[in-house]
file data.cif (mmCIF, C-alpha atoms and all ligand atoms)
data_structure
#
loop_
_atom_site.label_atom_id
_atom_site.label_comp_id
_atom_site.auth_asym_id
_atom_site.auth_seq_id
_atom_site.Cartn_x
_atom_site.Cartn_y
_atom_site.Cartn_z
CA MET X 25 -29.35 40.64 -2.62
CA THR X 26 -27.20 37.54 -2.96
CA ALA X 27 -23.97 36.85 -1.04
CA ALA X 28 -20.67 38.52 -1.88
CA PRO X 29 -19.19 37.67 -5.30
CA GLY X 30 -16.47 35.04 -5.46
CA GLY X 31 -13.82 37.69 -6.10
CA ASN X 32 -14.04 38.74 -2.44
CA ALA X 33 -13.69 35.19 -1.16
CA ASP X 34 -11.47 34.62 1.84
CA LEU X 35 -9.37 31.70 0.57
CA ALA X 36 -7.84 30.96 3.96
CA ALA X 37 -11.33 30.64 5.47
CA LEU X 38 -12.57 28.47 2.59
CA GLY X 39 -9.46 26.29 2.89
CA ALA X 40 -9.91 25.94 6.65
CA LEU X 41 -13.53 24.92 6.17
CA ALA X 42 -12.53 22.36 3.51
CA GLU X 43 -9.95 20.91 5.92
CA ALA X 44 -12.36 20.70 8.84
CA ILE X 45 -15.06 19.01 6.76
CA ALA X 46 -12.57 16.60 5.15
CA ARG X 47 -11.38 15.58 8.63
CA GLU X 48 -14.93 15.04 9.87
CA ALA X 49 -15.92 12.97 6.81
CA GLY X 50 -12.66 11.04 7.12
CA ALA X 51 -13.48 10.17 10.73
CA LEU X 52 -16.90 8.90 9.65
CA LEU X 53 -15.30 6.69 6.98
CA LEU X 54 -12.64 5.43 9.37
CA ASP X 55 -15.39 4.44 11.83
CA GLY X 56 -16.93 2.22 9.16
CA PHE X 57 -13.64 0.94 7.73
CA GLU X 58 -13.78 -2.50 9.35
CA GLY X 59 -17.56 -2.88 9.06
CA VAL X 60 -19.84 -4.68 6.63
CA ARG X 61 -20.71 -2.69 3.48
CA THR X 62 -23.54 -2.60 1.03
CA VAL X 63 -22.21 -2.25 -2.48
CA ASP X 64 -23.95 -0.96 -5.61
CA LEU X 65 -22.55 -0.96 -9.11
CA LYS X 66 -22.02 2.19 -11.18
CA SER X 67 -20.44 2.40 -14.66
CA SER X 68 -19.14 -1.21 -14.80
CA PRO X 69 -19.16 -4.43 -12.71
CA THR X 70 -16.00 -3.23 -10.91
CA ASP X 71 -17.05 0.41 -10.45
CA VAL X 72 -18.65 0.29 -7.02
CA VAL X 73 -20.19 2.67 -4.53
CA THR X 74 -20.78 1.81 -0.89
CA GLU X 75 -23.22 3.28 1.57
CA MET X 76 -20.15 4.88 3.18
CA ASP X 77 -19.38 6.92 0.03
CA ARG X 78 -22.95 8.20 0.16
CA ALA X 79 -22.94 8.85 3.89
CA ALA X 80 -19.68 10.80 3.60
CA GLU X 81 -21.02 12.91 0.74
CA ALA X 82 -24.24 13.63 2.66
CA LEU X 83 -22.22 14.80 5.67
CA ILE X 84 -19.94 16.99 3.53
CA VAL X 85 -22.89 18.61 1.75
CA ARG X 86 -24.68 19.23 5.06
CA ARG X 87 -21.63 20.90 6.58
CA ILE X 88 -20.98 23.08 3.52
CA LEU X 89 -24.58 24.27 3.41
CA GLU X 90 -24.67 24.97 7.15
CA ALA X 91 -21.69 27.28 6.72
CA ARG X 92 -22.31 28.62 3.20
CA PRO X 93 -25.90 28.01 2.06
CA ASP X 94 -25.58 29.86 -1.26
CA ASP X 95 -22.48 28.10 -2.58
CA GLY X 96 -22.60 25.57 -5.42
CA ILE X 97 -21.68 21.92 -4.94
CA LEU X 98 -20.64 19.15 -7.34
CA GLY X 99 -20.22 15.73 -5.74
CA GLU X 100 -19.38 12.37 -7.25
CA GLU X 101 -22.35 10.70 -5.59
CA GLY X 102 -24.89 13.11 -7.02
CA ALA X 103 -24.68 16.46 -5.25
CA ASP X 104 -25.28 19.16 -7.83
CA ARG X 105 -26.27 22.66 -6.74
CA PRO X 106 -25.75 25.89 -8.64
CA SER X 107 -23.73 28.63 -6.98
CA ARG X 108 -25.11 32.04 -6.10
CA THR X 109 -21.80 33.28 -4.70
CA GLY X 110 -19.22 32.34 -7.35
CA VAL X 111 -17.93 29.64 -4.98
CA ARG X 112 -18.39 25.96 -5.88
CA TRP X 113 -17.29 22.93 -3.87
CA VAL X 114 -16.12 19.91 -5.87
CA ILE X 115 -16.08 16.79 -3.73
CA ASP X 116 -15.07 13.18 -3.93
CA PRO X 117 -16.29 11.85 -0.58
CA LEU X 118 -14.19 8.69 -0.90
CA ASP X 119 -11.42 8.54 -3.48
CA GLY X 120 -10.15 4.97 -3.56
CA THR X 121 -13.41 3.12 -2.96
CA VAL X 122 -11.97 -0.22 -4.10
CA ASN X 123 -9.12 0.15 -1.59
CA TYR X 124 -11.67 0.97 1.11
CA LEU X 125 -13.68 -2.12 0.17
CA TYR X 126 -10.60 -4.32 0.44
CA ARG X 127 -9.48 -2.59 3.66
CA ARG X 128 -6.38 -1.21 2.01
CA PRO X 129 -5.09 2.07 3.49
CA ASP X 130 -4.86 4.34 0.42
CA TRP X 131 -8.14 6.23 0.27
CA ALA X 132 -9.05 9.83 0.97
CA VAL X 133 -11.69 12.49 1.23
CA SER X 134 -11.13 15.17 -1.41
CA ILE X 135 -12.70 18.63 -1.22
CA GLY X 136 -11.81 21.30 -3.78
CA VAL X 137 -13.07 24.88 -3.82
CA GLU X 138 -13.49 26.86 -7.02
CA VAL X 139 -13.92 30.62 -6.96
CA ASP X 140 -15.38 32.04 -10.16
CA GLY X 141 -14.35 28.82 -11.90
CA ALA X 142 -10.74 28.85 -10.71
CA SER X 143 -9.38 26.16 -8.44
CA SER X 144 -8.64 28.18 -5.30
CA ALA X 145 -8.48 25.96 -2.22
CA GLY X 146 -8.50 22.28 -1.45
CA ALA X 147 -8.02 19.59 1.15
CA VAL X 148 -7.28 15.88 0.75
CA PHE X 149 -7.45 13.84 3.96
CA ALA X 150 -6.17 10.25 4.17
CA PRO X 151 -7.50 8.98 7.51
CA VAL X 152 -5.56 5.70 7.81
CA HIS X 153 -2.29 7.59 7.26
CA ASP X 154 -3.56 10.57 9.25
CA GLU X 155 -2.27 12.87 6.50
CA LEU X 156 -4.00 16.06 5.49
CA PHE X 157 -2.79 17.72 2.29
CA ALA X 158 -4.02 21.25 1.73
CA ALA X 159 -3.46 24.25 -0.53
CA THR X 160 -4.81 27.69 -1.28
CA LEU X 161 -4.16 29.57 -4.50
CA GLY X 162 -0.94 31.52 -4.04
CA GLY X 163 -0.62 30.26 -0.47
CA GLY X 164 1.49 27.13 -0.99
CA ALA X 165 0.77 23.51 -0.18
CA THR X 166 1.11 21.64 3.09
CA ARG X 167 1.04 18.15 4.57
CA ASN X 168 -0.19 18.15 8.16
CA GLY X 169 0.49 21.86 8.29
CA ARG X 170 4.07 21.78 7.02
CA PRO X 171 5.04 23.14 3.59
CA ILE X 172 5.66 20.53 0.89
CA HIS X 173 7.44 20.66 -2.44
CA VAL X 174 7.71 18.46 -5.51
CA SER X 175 10.92 16.53 -6.22
CA SER X 176 13.77 17.95 -8.30
CA GLU X 177 14.37 14.82 -10.39
CA ALA X 178 15.04 15.85 -13.99
CA ARG X 179 15.99 12.50 -15.52
CA ILE X 180 13.10 10.68 -17.11
CA THR X 181 14.99 7.40 -16.71
CA HIS X 182 14.93 7.96 -12.94
CA ALA X 183 11.33 9.12 -12.67
CA LEU X 184 8.96 7.23 -10.38
CA VAL X 185 5.62 7.53 -12.14
CA GLY X 186 2.13 7.05 -10.73
CA THR X 187 -0.91 6.18 -12.78
CA GLY X 188 -4.40 4.75 -12.50
CA PHE X 189 -6.76 2.66 -14.57
CA GLY X 190 -10.40 3.23 -15.46
CA TYR X 191 -13.29 0.94 -14.67
CA GLU X 192 -14.05 -0.20 -18.25
CA ALA X 193 -12.26 -3.31 -19.51
CA ALA X 194 -11.56 -1.92 -23.01
CA VAL X 195 -9.99 1.24 -21.58
CA ARG X 196 -7.96 -0.77 -19.07
CA LYS X 197 -6.48 -2.94 -21.82
CA MET X 198 -5.37 0.17 -23.67
CA GLN X 199 -3.93 1.61 -20.45
CA GLY X 200 -2.03 -1.63 -19.84
CA ALA X 201 -0.47 -1.38 -23.29
CA VAL X 202 0.70 2.14 -22.48
CA VAL X 203 2.25 0.98 -19.19
CA ALA X 204 4.09 -1.72 -21.15
CA ARG X 205 5.59 1.00 -23.35
CA LEU X 206 6.48 3.34 -20.50
CA ILE X 207 7.90 0.98 -17.95
CA GLY X 208 11.23 0.47 -19.69
CA GLU X 209 11.74 4.23 -20.02
CA VAL X 210 11.30 5.30 -16.39
CA ARG X 211 12.49 4.15 -12.96
CA ASP X 212 9.22 2.37 -12.19
CA ILE X 213 5.46 2.74 -12.10
CA ARG X 214 3.10 2.80 -9.10
CA ARG X 215 -0.69 2.39 -8.96
CA SER X 216 -2.07 3.32 -5.53
CA GLY X 217 -5.80 3.24 -6.28
CA SER X 218 -6.48 6.87 -5.36
CA ALA X 219 -5.90 9.58 -7.95
CA ALA X 220 -6.06 12.28 -5.28
CA LEU X 221 -3.39 10.57 -3.19
CA ASP X 222 -1.24 9.97 -6.29
CA LEU X 223 -1.25 13.70 -6.94
CA CYS X 224 -0.52 14.48 -3.28
CA ALA X 225 2.36 11.98 -3.47
CA LEU X 226 3.69 13.93 -6.47
CA ALA X 227 3.29 17.15 -4.49
CA CYS X 228 5.52 15.93 -1.67
CA GLY X 229 8.16 14.08 -3.69
CA ARG X 230 6.89 10.52 -3.28
CA LEU X 231 6.36 10.40 -7.05
CA ASP X 232 8.04 12.42 -9.82
CA ALA X 233 5.16 12.32 -12.32
CA TYR X 234 1.60 11.05 -12.70
CA TYR X 235 -0.79 10.51 -15.57
CA GLU X 236 -4.21 8.99 -16.02
CA ARG X 237 -6.87 9.00 -18.68
CA GLY X 238 -10.50 9.50 -17.68
CA VAL X 239 -10.20 11.12 -14.26
CA HIS X 240 -13.13 13.25 -13.18
CA LEU X 241 -13.10 16.77 -11.84
CA TRP X 242 -13.77 15.53 -8.29
CA ASP X 243 -10.65 13.30 -8.42
CA ILE X 244 -8.30 16.18 -9.13
CA ALA X 245 -10.05 19.38 -7.97
CA ALA X 246 -8.22 19.57 -4.64
CA ALA X 247 -5.07 17.56 -5.36
CA GLY X 248 -4.33 19.34 -8.65
CA LEU X 249 -4.07 22.60 -6.73
CA VAL X 250 -1.90 20.89 -4.10
CA VAL X 251 0.54 19.88 -6.88
CA ARG X 252 0.62 23.33 -8.46
CA GLU X 253 1.10 25.04 -5.12
CA ALA X 254 3.90 22.57 -4.32
CA GLY X 255 5.74 23.77 -7.43
CA GLY X 256 4.61 21.19 -10.00
CA ASN X 257 2.28 21.09 -12.98
CA ALA X 258 -1.13 19.45 -13.08
CA GLU X 259 -3.35 19.84 -16.13
CA THR X 260 -4.73 17.99 -19.12
CA LEU X 261 -2.20 16.78 -21.68
CA ASP X 262 -3.72 19.04 -24.35
CA GLU X 263 -4.12 21.89 -21.83
CA ALA X 264 -7.84 22.05 -22.68
CA PRO X 265 -10.66 21.82 -20.12
CA LEU X 266 -11.06 18.36 -18.57
CA THR X 267 -13.38 15.93 -20.38
CA THR X 268 -13.96 12.20 -19.95
CA GLU X 269 -11.44 11.61 -22.77
CA SER X 270 -8.72 13.81 -21.29
CA ILE X 271 -5.38 12.56 -20.09
CA TRP X 272 -4.52 14.22 -16.80
CA ILE X 273 -0.81 14.75 -16.32
CA GLY X 274 1.20 15.98 -13.37
CA THR X 275 4.93 16.47 -13.10
CA ASN X 276 7.45 17.96 -10.73
CA GLY X 277 8.34 20.69 -13.28
CA PRO X 278 11.82 19.57 -14.45
CA LEU X 279 10.23 16.49 -16.04
CA TYR X 280 7.39 18.40 -17.68
CA ARG X 281 8.73 18.48 -21.23
CA ASP X 282 10.28 15.00 -21.33
CA PHE X 283 7.35 13.30 -19.66
CA ARG X 284 4.86 14.85 -22.04
CA ALA X 285 7.06 13.80 -24.94
CA LEU X 286 7.32 10.28 -23.56
CA LEU X 287 3.56 10.00 -23.16
CA GLY X 288 2.86 11.16 -26.67
CA GLY X 289 5.25 12.46 -29.28
CA ALA X 290 8.32 10.33 -28.52
CA SER X 291 6.36 7.14 -29.10
CA GLY X 292 5.17 8.46 -32.45
CA LEU X 293 1.55 8.23 -31.33
CA ASP X 294 -1.12 10.82 -30.93
CA PRO X 295 -0.97 11.66 -27.19
CA ARG X 296 -4.76 11.33 -27.03
CA SER X 297 -4.60 7.71 -28.08
CA VAL X 298 -1.86 6.38 -25.85
CA CYS X 299 -3.30 6.57 -22.34
C1 LIG X 301 -10.88 6.26 -8.64
C2 LIG X 301 -9.50 6.29 -8.04
C3 LIG X 301 -8.52 5.53 -8.91
C4 LIG X 301 -8.48 6.06 -10.30
C5 LIG X 301 -9.88 6.08 -10.92
C6 LIG X 301 -10.84 6.85 -10.01
P1 LIG X 301 -12.97 6.31 -6.95
O1 LIG X 301 -11.79 7.01 -7.86
O2 LIG X 301 -9.05 7.61 -7.92
O3 LIG X 301 -7.20 5.63 -8.42
O4 LIG X 301 -7.65 5.24 -11.06
O5 LIG X 301 -9.77 6.74 -12.16
O6 LIG X 301 -12.13 6.82 -10.57
O7 LIG X 301 -13.91 5.63 -7.89
O8 LIG X 301 -12.31 5.39 -6.00
O9 LIG X 301 -13.58 7.53 -6.30
CA CA X 302 -12.37 9.29 -7.28
CA CA X 303 -15.23 8.35 -5.06
#

call {"tool": "encode", "arguments": {"input": "data.cif", "output": "structure tokens"}}
result
Amino acid sequence: MTAAPGGNADLAALGALAEAIAREAGALLLDGFEGVRTVDLKSSPTDVVTEMDRAAEALIVRRILEARPDDGILGEEGADRPSRTGVRWVIDPLDGTVNYLYRRPDWAVSIGVEVDGASSAGAVFAPVHDELFAATLGGGATRNGRPIHVSSEARITHALVGTGFGYEAAVRKMQGAVVARLIGEVRDIRRSGSAALDLCALACGRLDAYYERGVHLWDIAAAGLVVREAGGNAETLDEAPLTTESIWIGTNGPLYRDFRALLGGASGLDPRSVC
């Protein structure tokens, strides 16, 4: 007989395990932060992976399987195991690899937990900042153990907006054109280099909204839940399942309608084409 179905999952225990593993992988990455790296290319000449991304993923996978050998795993660096429990771990071992490579501080370990396909727990650990963002479904969101909440800004003209850019030049040019259209309509725009940390910034009021085309499930699996549990929205612009063409959008709630309109309808463009 296989392990208990996902419906009986103890979210607090899954969340605690995600936090502990994220901290351990973060410590491993911090140890190597000043060291020499080997770099391989992925989807484009600027899409890189270091041996540290791979080492962190290997550690995370090992720890998950030690504790929960029948769970599924999806990892950016190749982990792909089916689940026999209804629980699947979605991991980005190092979100913000280019920052890490340049020894910039904004990078994180992101570990999300799905139960029967629903995002149910997650942890995002930023070692240089020593900040751990965490959430469980229905249990709220925290930063270093303290509850966090999205901002209450309702004026689009005052919204501080985060975004990110893909690794392909053609997509980046299109994304730059969108930024040029948005920047006169909002307070300002930030690009940190870590989608997970952008979403955590939204969750604790350091941003009012966030959007990005082409994020992957591992970028947003944990931090999307952190935003929702902090009182905001985080979903695709068309509210359909995430694909490589999707635009991921997060807001504090009060800005939801206006920000969606700004991204798409207000500019008279198909929302799918603008980001
Ligand atoms: C990237 C970062 C970046 C975002 C890209 C992601 P990676 O993840 O989150 O902020 O703009 O879309 O791919 O490659 O550093 O794990
Ligand atoms: Ca990532
Ligand atoms: Ca990564």

call {"tool": "atom_distance", "arguments": {"input": "data.cif", "atom1": "CA of Thr121 in chain X", "atom2": "CA of Thr187 in chain X"}}
result
16.2 Å

call {"tool": "residues_around", "arguments": {"input": "data.cif", "residues": "Asp64 in chain X", "least_positions_apart": "2", "cutoff": "12 Å", "atoms": "all atoms listed in the file", "output": "PDB file with C-alpha atoms, in the coordinates of the input"}}
result
ATOM      1  CA  ARG X  61     -20.710  -2.690   3.480  1.00  0.00           C
ATOM      2  CA  THR X  62     -23.540  -2.600   1.030  1.00  0.00           C
ATOM      3  CA  LYS X  66     -22.020   2.190 -11.180  1.00  0.00           C
ATOM      4  CA  SER X  67     -20.440   2.400 -14.660  1.00  0.00           C
ATOM      5  CA  SER X  68     -19.140  -1.210 -14.800  1.00  0.00           C
ATOM      6  CA  PRO X  69     -19.160  -4.430 -12.710  1.00  0.00           C
ATOM      7  CA  THR X  70     -16.000  -3.230 -10.910  1.00  0.00           C
ATOM      8  CA  ASP X  71     -17.050   0.410 -10.450  1.00  0.00           C
ATOM      9  CA  VAL X  72     -18.650   0.290  -7.020  1.00  0.00           C
ATOM     10  CA  VAL X  73     -20.190   2.670  -4.530  1.00  0.00           C
ATOM     11  CA  THR X  74     -20.780   1.810  -0.890  1.00  0.00           C
ATOM     12  CA  GLU X  75     -23.220   3.280   1.570  1.00  0.00           C
ATOM     13  CA  MET X  76     -20.150   4.880   3.180  1.00  0.00           C
ATOM     14  CA  ASP X  77     -19.380   6.920   0.030  1.00  0.00           C
ATOM     15  CA  ARG X  78     -22.950   8.200   0.160  1.00  0.00           C
ATOM     16  CA  GLU X 101     -22.350  10.700  -5.590  1.00  0.00           C
ATOM     17  CA  THR X 121     -13.410   3.120  -2.960  1.00  0.00           C
ATOM     18  CA  LEU X 125     -13.680  -2.120   0.170  1.00  0.00           C
TER      19      LEU X 125
END

call {"tool": "residues_near_ligand", "arguments": {"input": "data.cif", "ligand": "ligand CA 303 (chain X)", "cutoff": "7 Å", "atoms": "all atoms listed in the file", "output": "short mmCIF file (atom, residue, chain, number, x, y, z; two decimals) with C-alpha atoms, keeping the file's coordinate frame"}}
result
data_model
loop_
_atom_site.label_atom_id
_atom_site.label_comp_id
_atom_site.auth_asym_id
_atom_site.auth_seq_id
_atom_site.Cartn_x
_atom_site.Cartn_y
_atom_site.Cartn_z
CA ASP X 77 -19.38 6.92 0.03
CA GLU X 100 -19.38 12.37 -7.25
CA ASP X 116 -15.07 13.18 -3.93
CA PRO X 117 -16.29 11.85 -0.58
CA LEU X 118 -14.19 8.69 -0.90
CA ASP X 119 -11.42 8.54 -3.48
CA GLY X 120 -10.15 4.97 -3.56
CA THR X 121 -13.41 3.12 -2.96
#

call {"tool": "residues_around", "arguments": {"input": "data.cif", "residues": "Gly277 in chain X", "least_positions_apart": "6", "cutoff": "8 Å", "atoms": "all atoms listed in the file", "output": "list in words"}}
result
Ser176, Gly255, Gly256 and Asn257 of chain X

call {"tool": "closest_residue", "arguments": {"input": "data.cif", "among": "X:Leu41, X:Ile180, X:Val148, X:Ala285", "to": "ligand CA 302 (chain X)", "atoms": "only C-alpha atoms and all ligand atoms"}}
result
X:Val148

call {"tool": "closest_atom_pairs", "arguments": {"input": "data.cif", "of": "chain X", "to": "ligand CA 302 (chain X)", "cutoff": "12 Å", "atoms": "all atoms listed in the file", "output": "Markdown table"}}
result
| residue | atom | partner | partner_atom | distance |
| --- | --- | --- | --- | --- |
| X:Asp71 | CA | X:CA302 | CA | 10.5 |
| X:Val72 | CA | X:CA302 | CA | 11.0 |
| X:Val73 | CA | X:CA302 | CA | 10.6 |
| X:Asp77 | CA | X:CA302 | CA | 10.4 |
| X:Gly99 | CA | X:CA302 | CA | 10.3 |
| X:Glu100 | CA | X:CA302 | CA | 7.7 |
| X:Glu101 | CA | X:CA302 | CA | 10.2 |
| X:Val114 | CA | X:CA302 | CA | 11.4 |
| X:Ile115 | CA | X:CA302 | CA | 9.1 |
| X:Asp116 | CA | X:CA302 | CA | 5.8 |
| X:Pro117 | CA | X:CA302 | CA | 8.2 |
| X:Leu118 | CA | X:CA302 | CA | 6.7 |
| X:Asp119 | CA | X:CA302 | CA | 4.0 |
| X:Gly120 | CA | X:CA302 | CA | 6.1 |
| X:Thr121 | CA | X:CA302 | CA | 7.6 |
| X:Val122 | CA | X:CA302 | CA | 10.0 |
| X:Asn123 | CA | X:CA302 | CA | 11.2 |
| X:Tyr124 | CA | X:CA302 | CA | 11.8 |
| X:Asp130 | CA | X:CA302 | CA | 11.8 |
| X:Trp131 | CA | X:CA302 | CA | 9.2 |
| X:Ala132 | CA | X:CA302 | CA | 8.9 |
| X:Val133 | CA | X:CA302 | CA | 9.1 |
| X:Ser134 | CA | X:CA302 | CA | 8.4 |
| X:Ile135 | CA | X:CA302 | CA | 11.1 |
| X:Val148 | CA | X:CA302 | CA | 11.6 |
| X:Gly188 | CA | X:CA302 | CA | 10.6 |
| X:Phe189 | CA | X:CA302 | CA | 11.3 |
| X:Gly190 | CA | X:CA302 | CA | 10.4 |
| X:Tyr191 | CA | X:CA302 | CA | 11.2 |
| X:Gly217 | CA | X:CA302 | CA | 9.0 |
| X:Ser218 | CA | X:CA302 | CA | 6.7 |
| X:Ala219 | CA | X:CA302 | CA | 6.5 |
| X:Ala220 | CA | X:CA302 | CA | 7.3 |
| X:Leu221 | CA | X:CA302 | CA | 10.0 |
| X:Asp222 | CA | X:CA302 | CA | 11.2 |
| X:Leu223 | CA | X:CA302 | CA | 12.0 |
| X:Glu236 | CA | X:CA302 | CA | 12.0 |
| X:Gly238 | CA | X:CA302 | CA | 10.6 |
| X:Val239 | CA | X:CA302 | CA | 7.5 |
| X:His240 | CA | X:CA302 | CA | 7.1 |
| X:Leu241 | CA | X:CA302 | CA | 8.8 |
| X:Trp242 | CA | X:CA302 | CA | 6.5 |
| X:Asp243 | CA | X:CA302 | CA | 4.5 |
| X:Ile244 | CA | X:CA302 | CA | 8.2 |
| X:Ala245 | CA | X:CA302 | CA | 10.4 |
| X:Ala246 | CA | X:CA302 | CA | 11.4 |
| X:Ala247 | CA | X:CA302 | CA | 11.2 |

call {"tool": "atom_distance", "arguments": {"input": "data.cif", "atom1": "atom O8 of ligand LIG 301 (chain X)", "atom2": "CA of Gly146 in chain X"}}
result
17.9 Å

call {"tool": "closest_residue", "arguments": {"input": "data.cif", "among": "X:Cys228, X:Arg237, X:Leu65, X:Val210", "to": "Leu156 in chain X", "atoms": "only C-alpha atoms"}}
result
X:Cys228
